[in-house]
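Content type PDB, C-alpha atoms, pLDDT in the B column, from the file upload-v5.pdb:
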ATOM      1  CA  MET A   1     -46.574  -2.957  20.732  1.00 53.00           C
ATOM      2  CA  LYS A   2     -45.393   0.406  19.380  1.00 52.00           C
ATOM      3  CA  LYS A   3     -41.901  -0.233  20.693  1.00 51.00           C
ATOM      4  CA  ALA A   4     -41.769  -3.647  18.973  1.00 43.00           C
ATOM      5  CA  LEU A   5     -42.974  -2.093  15.716  1.00 39.00           C
ATOM      6  CA  LYS A   6     -40.286   0.617  15.912  1.00 39.00           C
ATOM      7  CA  ILE A   7     -37.602  -2.025  16.488  1.00 40.00           C
ATOM      8  CA  LEU A   8     -38.897  -4.071  13.555  1.00 37.00           C
ATOM      9  CA  VAL A   9     -38.840  -1.019  11.252  1.00 36.00           C
ATOM     10  CA  LEU A  10     -35.313  -0.161  12.413  1.00 37.00           C
ATOM     11  CA  LEU A  11     -34.066  -3.710  11.803  1.00 37.00           C
ATOM     12  CA  THR A  12     -35.719  -3.874   8.380  1.00 37.00           C
ATOM     13  CA  THR A  13     -34.208  -0.528   7.392  1.00 35.00           C
ATOM     14  CA  SER A  14     -30.780  -1.674   8.576  1.00 35.00           C
ATOM     15  CA  LEU A  15     -31.043  -4.905   6.585  1.00 37.00           C
ATOM     16  CA  VAL A  16     -32.072  -3.094   3.391  1.00 37.00           C
ATOM     17  CA  TYR A  17     -29.242  -0.573   3.818  1.00 36.00           C
ATOM     18  CA  SER A  18     -26.796  -3.403   4.475  1.00 40.00           C
ATOM     19  CA  GLN A  19     -27.922  -5.178   1.313  1.00 44.00           C
ATOM     20  CA  ASN A  20     -27.702  -2.045  -0.824  1.00 66.00           C
ATOM     21  CA  ASN A  21     -24.353  -1.159   0.719  1.00 89.00           C
ATOM     22  CA  SER A  22     -23.056  -4.671  -0.003  1.00 92.00           C
ATOM     23  CA  GLN A  23     -24.192  -4.377  -3.627  1.00 92.00           C
ATOM     24  CA  SER A  24     -22.389  -1.023  -3.948  1.00 90.00           C
ATOM     25  CA  GLU A  25     -19.239  -2.440  -2.368  1.00 94.00           C
ATOM     26  CA  VAL A  26     -19.246  -5.422  -4.764  1.00 93.00           C
ATOM     27  CA  PHE A  27     -19.829  -3.091  -7.742  1.00 89.00           C
ATOM     28  CA  LYS A  28     -16.829  -0.944  -6.732  1.00 89.00           C
ATOM     29  CA  LYS A  29     -14.696  -4.052  -6.108  1.00 92.00           C
ATOM     30  CA  ILE A  30     -15.396  -5.371  -9.618  1.00 91.00           C
ATOM     31  CA  ILE A  31     -14.567  -2.002 -11.237  1.00 88.00           C
ATOM     32  CA  GLU A  32     -11.370  -1.799  -9.147  1.00 88.00           C
ATOM     33  CA  GLU A  33     -10.415  -5.318 -10.253  1.00 90.00           C
ATOM     34  CA  GLN A  34     -10.976  -4.435 -13.916  1.00 87.00           C
ATOM     35  CA  ILE A  35      -8.772  -1.353 -13.658  1.00 82.00           C
ATOM     36  CA  ASN A  36      -6.086  -3.265 -11.764  1.00 84.00           C
ATOM     37  CA  LYS A  37      -6.090  -5.819 -14.611  1.00 85.00           C
ATOM     38  CA  GLY A  38      -5.242  -2.957 -16.967  1.00 78.00           C
ATOM     39  CA  ALA A  39      -8.627  -2.089 -18.458  1.00 78.00           C
ATOM     40  CA  LEU A  40      -8.446   1.299 -20.169  1.00 78.00           C
ATOM     41  CA  ASN A  41     -11.262   3.553 -21.377  1.00 81.00           C
ATOM     42  CA  LEU A  42     -13.833   1.447 -19.576  1.00 85.00           C
ATOM     43  CA  TYR A  43     -17.532   2.261 -19.906  1.00 87.00           C
ATOM     44  CA  VAL A  44     -20.060   0.888 -17.412  1.00 89.00           C
ATOM     45  CA  GLN A  45     -23.514  -0.196 -18.497  1.00 90.00           C
ATOM     46  CA  CYS A  46     -26.467   0.751 -16.251  1.00 89.00           C
ATOM     47  CA  GLU A  47     -28.409  -2.476 -16.653  1.00 90.00           C
ATOM     48  CA  LYS A  48     -27.888  -5.177 -14.051  1.00 89.00           C
ATOM     49  CA  PRO A  49     -28.547  -8.414 -15.898  1.00 87.00           C
ATOM     50  CA  GLN A  50     -29.690 -11.404 -13.906  1.00 85.00           C
ATOM     51  CA  THR A  51     -26.840 -13.362 -12.399  1.00 89.00           C
ATOM     52  CA  PHE A  52     -26.244 -16.877 -13.655  1.00 87.00           C
ATOM     53  CA  PHE A  53     -25.401 -19.532 -11.073  1.00 93.00           C
ATOM     54  CA  ASP A  54     -25.250 -23.285 -11.385  1.00 93.00           C
ATOM     55  CA  LYS A  55     -23.995 -25.102  -8.303  1.00 94.00           C
ATOM     56  CA  THR A  56     -22.631 -28.038 -10.324  1.00 94.00           C
ATOM     57  CA  ILE A  57     -20.651 -25.794 -12.689  1.00 94.00           C
ATOM     58  CA  PHE A  58     -19.378 -23.807  -9.705  1.00 96.00           C
ATOM     59  CA  LYS A  59     -18.094 -26.940  -7.949  1.00 96.00           C
ATOM     60  CA  GLU A  60     -16.547 -28.428 -11.113  1.00 95.00           C
ATOM     61  CA  GLU A  61     -14.804 -25.268 -12.297  1.00 96.00           C
ATOM     62  CA  THR A  62     -13.603 -23.826  -8.997  1.00 96.00           C
ATOM     63  CA  GLY A  63     -12.778 -26.890  -6.911  1.00 94.00           C
ATOM     64  CA  LEU A  64     -13.522 -24.725  -3.862  1.00 95.00           C
ATOM     65  CA  GLU A  65     -14.883 -26.308  -0.734  1.00 94.00           C
ATOM     66  CA  VAL A  66     -17.790 -23.964  -0.074  1.00 96.00           C
ATOM     67  CA  SER A  67     -20.429 -25.289   2.292  1.00 96.00           C
ATOM     68  CA  GLU A  68     -23.534 -26.748   0.703  1.00 97.00           C
ATOM     69  CA  LYS A  69     -25.598 -24.440   2.930  1.00 97.00           C
ATOM     70  CA  ILE A  70     -24.027 -21.306   1.381  1.00 97.00           C
ATOM     71  CA  LEU A  71     -24.423 -22.636  -2.169  1.00 97.00           C
ATOM     72  CA  ASN A  72     -28.069 -23.522  -1.496  1.00 96.00           C
ATOM     73  CA  GLU A  73     -28.735 -20.047  -0.071  1.00 97.00           C
ATOM     74  CA  ILE A  74     -27.226 -18.463  -3.201  1.00 97.00           C
ATOM     75  CA  GLU A  75     -29.386 -20.744  -5.376  1.00 95.00           C
ATOM     76  CA  VAL A  76     -32.531 -19.689  -3.492  1.00 95.00           C
ATOM     77  CA  ASN A  77     -31.632 -16.004  -3.788  1.00 95.00           C
ATOM     78  CA  ILE A  78     -30.929 -16.362  -7.524  1.00 92.00           C
ATOM     79  CA  GLU A  79     -34.542 -17.470  -7.957  1.00 89.00           C
ATOM     80  CA  LYS A  80     -35.727 -14.252  -6.260  1.00 87.00           C
ATOM     81  CA  SER A  81     -33.494 -11.945  -8.298  1.00 84.00           C
ATOM     82  CA  SER A  82     -34.400 -10.032 -11.402  1.00 81.00           C
ATOM     83  CA  ALA A  83     -32.714  -7.752 -13.884  1.00 79.00           C
ATOM     84  CA  SER A  84     -32.576  -4.150 -12.681  1.00 87.00           C
ATOM     85  CA  PHE A  85     -30.401  -1.042 -12.945  1.00 87.00           C
ATOM     86  CA  TRP A  86     -27.343   0.243 -11.132  1.00 87.00           C
ATOM     87  CA  ASN A  87     -27.714   3.633  -9.528  1.00 81.00           C
ATOM     88  CA  SER A  88     -25.738   5.938 -11.835  1.00 74.00           C
ATOM     89  CA  LYS A  89     -24.556   7.750  -8.699  1.00 77.00           C
ATOM     90  CA  LEU A  90     -22.201   4.799  -8.120  1.00 78.00           C
ATOM     91  CA  THR A  91     -20.143   5.598 -11.201  1.00 70.00           C
ATOM     92  CA  THR A  92     -19.856   9.255 -10.222  1.00 68.00           C
ATOM     93  CA  GLU A  93     -18.446   8.168  -6.848  1.00 73.00           C
ATOM     94  CA  LEU A  94     -15.573   6.300  -8.517  1.00 70.00           C
ATOM     95  CA  ASN A  95     -12.323   8.240  -8.441  1.00 64.00           C
ATOM     96  CA  TYR A  96     -10.585   7.095 -11.592  1.00 64.00           C
ATOM     97  CA  ASN A  97      -9.331   9.396 -14.314  1.00 60.00           C
ATOM     98  CA  SER A  98     -10.665   9.214 -17.869  1.00 61.00           C
ATOM     99  CA  ASN A  99      -7.793   6.944 -18.980  1.00 59.00           C
ATOM    100  CA  PHE A 100      -9.475   4.210 -16.953  1.00 65.00           C
ATOM    101  CA  LEU A 101     -13.141   5.116 -16.703  1.00 67.00           C
ATOM    102  CA  ASN A 102     -14.904   6.848 -19.594  1.00 72.00           C
ATOM    103  CA  GLY A 103     -17.597   9.208 -18.395  1.00 66.00           C
ATOM    104  CA  LYS A 104     -19.089   9.628 -14.994  1.00 67.00           C
ATOM    105  CA  LYS A 105     -22.467   8.214 -15.932  1.00 79.00           C
ATOM    106  CA  CYS A 106     -23.374   4.687 -16.849  1.00 85.00           C
ATOM    107  CA  LEU A 107     -24.574   3.791 -20.337  1.00 88.00           C
ATOM    108  CA  THR A 108     -27.984   2.478 -21.280  1.00 88.00           C
ATOM    109  CA  ARG A 109     -28.240  -0.206 -23.952  1.00 88.00           C
ATOM    110  CA  LYS A 110     -29.248   2.482 -26.450  1.00 91.00           C
ATOM    111  CA  ASP A 111     -26.182   4.550 -25.458  1.00 89.00           C
ATOM    112  CA  THR A 112     -24.025   1.480 -26.055  1.00 88.00           C
ATOM    113  CA  GLU A 113     -25.488   0.869 -29.503  1.00 89.00           C
ATOM    114  CA  LYS A 114     -25.045   4.543 -30.414  1.00 89.00           C
ATOM    115  CA  LEU A 115     -21.418   4.444 -29.258  1.00 89.00           C
ATOM    116  CA  PHE A 116     -20.661   1.436 -31.464  1.00 88.00           C
ATOM    117  CA  LEU A 117     -22.393   2.990 -34.467  1.00 89.00           C
ATOM    118  CA  LYS A 118     -20.765   6.392 -33.958  1.00 91.00           C
ATOM    119  CA  THR A 119     -17.185   5.210 -33.442  1.00 89.00           C
ATOM    120  CA  LYS A 120     -17.291   2.047 -35.563  1.00 87.00           C
ATOM    121  CA  LYS A 121     -14.539   0.775 -33.254  1.00 87.00           C
ATOM    122  CA  ARG A 122     -14.201  -1.804 -30.541  1.00 87.00           C
ATOM    123  CA  GLN A 123     -15.081  -0.498 -27.080  1.00 87.00           C
ATOM    124  CA  ASN A 124     -14.484  -1.562 -23.514  1.00 87.00           C
ATOM    125  CA  ILE A 125     -17.989  -1.746 -22.017  1.00 90.00           C
ATOM    126  CA  ILE A 126     -18.684  -3.778 -18.909  1.00 91.00           C
ATOM    127  CA  SER A 127     -22.032  -4.941 -17.624  1.00 92.00           C
ATOM    128  CA  ILE A 128     -22.115  -6.077 -13.987  1.00 93.00           C
ATOM    129  CA  SER A 129     -24.959  -8.339 -12.880  1.00 94.00           C
ATOM    130  CA  GLU A 130     -26.901  -8.107  -9.684  1.00 94.00           C
ATOM    131  CA  PRO A 131     -24.729  -9.548  -6.900  1.00 95.00           C
ATOM    132  CA  ILE A 132     -26.352 -12.555  -5.247  1.00 96.00           C
ATOM    133  CA  PHE A 133     -25.540 -13.115  -1.580  1.00 97.00           C
ATOM    134  CA  ASP A 134     -25.930 -15.862   0.956  1.00 97.00           C
ATOM    135  CA  TYR A 135     -28.216 -15.080   3.909  1.00 96.00           C
ATOM    136  CA  THR A 136     -25.415 -13.570   6.015  1.00 96.00           C
ATOM    137  CA  TYR A 137     -24.085 -11.301   3.239  1.00 97.00           C
ATOM    138  CA  GLU A 138     -20.647 -12.875   3.646  1.00 97.00           C
ATOM    139  CA  ASN A 139     -20.470 -14.680   0.267  1.00 98.00           C
ATOM    140  CA  CYS A 140     -21.491 -13.468  -3.155  1.00 97.00           C
ATOM    141  CA  ILE A 141     -21.726 -14.452  -6.818  1.00 97.00           C
ATOM    142  CA  VAL A 142     -21.650 -11.781  -9.532  1.00 96.00           C
ATOM    143  CA  SER A 143     -21.285 -12.085 -13.305  1.00 95.00           C
ATOM    144  CA  ILE A 144     -19.809  -9.635 -15.776  1.00 95.00           C
ATOM    145  CA  THR A 145     -20.127  -9.223 -19.503  1.00 93.00           C
ATOM    146  CA  TYR A 146     -17.629  -7.391 -21.685  1.00 92.00           C
ATOM    147  CA  HIS A 147     -19.246  -5.802 -24.735  1.00 90.00           C
ATOM    148  CA  THR A 148     -16.551  -5.078 -27.296  1.00 88.00           C
ATOM    149  CA  TYR A 149     -18.622  -4.568 -30.427  1.00 84.00           C
ATOM    150  CA  ILE A 150     -22.137  -5.203 -31.742  1.00 83.00           C
ATOM    151  CA  ASP A 151     -22.965  -8.893 -31.192  1.00 82.00           C
ATOM    152  CA  SER A 152     -19.542  -9.532 -29.665  1.00 86.00           C
ATOM    153  CA  ALA A 153     -19.271 -10.267 -25.971  1.00 90.00           C
ATOM    154  CA  ALA A 154     -17.487 -12.357 -23.386  1.00 93.00           C
ATOM    155  CA  GLY A 155     -17.840 -12.802 -19.668  1.00 94.00           C
ATOM    156  CA  HIS A 156     -17.329 -14.770 -16.512  1.00 95.00           C
ATOM    157  CA  SER A 157     -18.481 -15.032 -12.918  1.00 96.00           C
ATOM    158  CA  TYR A 158     -16.835 -14.143  -9.626  1.00 96.00           C
ATOM    159  CA  PHE A 159     -17.142 -15.707  -6.207  1.00 97.00           C
ATOM    160  CA  LEU A 160     -16.426 -13.129  -3.501  1.00 97.00           C
ATOM    161  CA  LYS A 161     -16.169 -13.454   0.253  1.00 97.00           C
ATOM    162  CA  LYS A 162     -16.211 -10.732   2.872  1.00 97.00           C
ATOM    163  CA  ILE A 163     -12.949 -11.029   4.796  1.00 96.00           C
ATOM    164  CA  HIS A 164     -12.363  -8.672   7.718  1.00 96.00           C
ATOM    165  CA  GLY A 165     -15.169  -6.468   6.369  1.00 95.00           C
ATOM    166  CA  ILE A 166     -13.712  -6.193   2.840  1.00 95.00           C
ATOM    167  CA  TRP A 167     -15.093  -7.950  -0.238  1.00 97.00           C
ATOM    168  CA  THR A 168     -12.369 -10.180  -1.630  1.00 97.00           C
ATOM    169  CA  ILE A 169     -12.421 -11.995  -4.961  1.00 97.00           C
ATOM    170  CA  ILE A 170     -11.856 -15.664  -4.198  1.00 97.00           C
ATOM    171  CA  THR A 171     -12.112 -17.062  -7.723  1.00 97.00           C
ATOM    172  CA  ILE A 172     -13.150 -16.314 -11.283  1.00 96.00           C
ATOM    173  CA  TYR A 173     -14.974 -19.065 -13.194  1.00 96.00           C
ATOM    174  CA  ASN A 174     -17.576 -19.832 -15.884  1.00 94.00           C
ATOM    175  CA  PHE A 175     -15.778 -18.146 -18.778  1.00 94.00           C
ATOM    176  CA  TRP A 176     -17.737 -17.734 -22.034  1.00 94.00           C
ATOM    177  CA  MET A 177     -17.462 -15.892 -25.372  1.00 93.00           C
ATOM    178  CA  THR A 178     -19.624 -15.156 -28.435  1.00 88.00           C
TER     179      THR A 178
END
Could you quickly redo this structure as C-alpha cells?
Amino acid sequence: MKKALKILVLLTTSLVYSQNNSQSEVFKKIIEEQINKGALNLYVQCEKPQTFFDKTIFKEETGLEVSEKILNEIEVNIEKSSASFWNSKLTTELNYNSNFLNGKKCLTRKDTEKLFLKTKKRQNIISISEPIFDYTYENCIVSITYHTYIDSAAGHSYFLKKIHGIWTIITIYNFWMT
C-alpha cells in the first residue's frame, strides 16, 4: 500500500510539473514570437486572463482539421480554467535586451495604468492568457491582448502543437480590436 501511494504521489508530482513546464514553455514561445515579429519595448502583464475558445469559431476561421476529440478536451479544460497570474520569475528568465523587453518584472494592472498616465504615450503591453491544453499536453490554445493605451486593446488566439518536443505555432485566429 505504501509503495502504491509513493508511486501515485510521484506520478501526480510529475504531471503537475509537466503542466507548469508546458505553461512556461508556451509563455516563452509567445514572447519569442512577438519579438520575432518586431515588437519593441514590450512590457508583459502579470495577470493571466481566462482563455477564450469557441470550437465553431476555431473551425470556421482556421480551416484546420483538428480531431474532434482534441477540440472537446480543450473545451472541457476551458471550463475548469480561471484567471490567475504568471510567475514573475518567467520574465526574469527571458534573455532579451531592453530594446525588446522593458523591465525584468511583469506589470500589474495598476502598474499598467500608472505607466499610461505617467508617459501619456502609447505602450506595447502584452497580456498572455492561461494556456489551455488537451489531455496529452500536445495541443494548446492561448490568447493574447495588446494594451496600447487606456481603453485601447486588440488581440487574437493561437493554436500551438508540440512537435518533436517543441511548442510550434500552427495558426493565429480570432482577431479582435476595441
Residues returned when the PyMOL selection byres ((chain A and resi 22-26) around 10) runs on this file, as a PyMOL selection string | chain A and resi 16-21+27-32+86-87+90+128+130-133+137-138+140-142+160-162+166-169
For range 43-47 of chain A, please output as a PyMOL selection string all residues within 7 Å (counting all atoms listed in the file; exclusion window: fewer than 4 positions along the same chain).
-> chain A and resi 84-86+88+101-102+106-108+124-127
Assuming the chain letters and numbering stay as they are in my file, what does the PyMOL selection byres ((chain A and resi 73-81) around 7) actually select? List them as a compact mmCIF listing (two decimals) with C-alpha atoms, keeping the file's coordinate frame.
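Final output, saved to result.txt:
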# COMPACT_ATOMS: atom_id res chain seq x y z
CA GLN A 50 -29.69 -11.40 -13.91
CA LYS A 69 -25.60 -24.44 2.93
CA ILE A 70 -24.03 -21.31 1.38
CA LEU A 71 -24.42 -22.64 -2.17
CA ASN A 72 -28.07 -23.52 -1.50
CA SER A 82 -34.40 -10.03 -11.40
CA ILE A 132 -26.35 -12.56 -5.25
CA PHE A 133 -25.54 -13.12 -1.58
CA ASP A 134 -25.93 -15.86 0.96
CA TYR A 135 -28.22 -15.08 3.91
What is the CA of Ser67 in chain A-CA of Asp54 in chain A distance in Å, reported with one decimal?
->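 Atom-to-atom, CA of Ser67 in chain A and CA of Asp54 in chain A are spaced 14.6 Å apart.
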Between CA of His156 in chain A and CA of Lys55 in chain A, distance in Å (one decimal) =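 That distance, rounded to one decimal, is 14.8 Å.
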Nearest to Asn174 in chain A by atom-to-atom distance, counting all atoms listed in the file, from A:Ile35, A:Lys48, A:Thr136, A:Phe53 |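 Closest to Asn174 in chain A of all the choices is A:Phe53.
The closest residue to Ser143 in chain A, picked from A:Leu115, A:Val66, A:Ile163, A:Ile172 and counting only C-alpha atoms, is A:Ile172.
If all atoms listed in the file are the atoms counted, then among A:Asn41, A:Lys118, A:Glu60, A:Phe52 the closest residue to Trp176 in chain A is A:Phe52.
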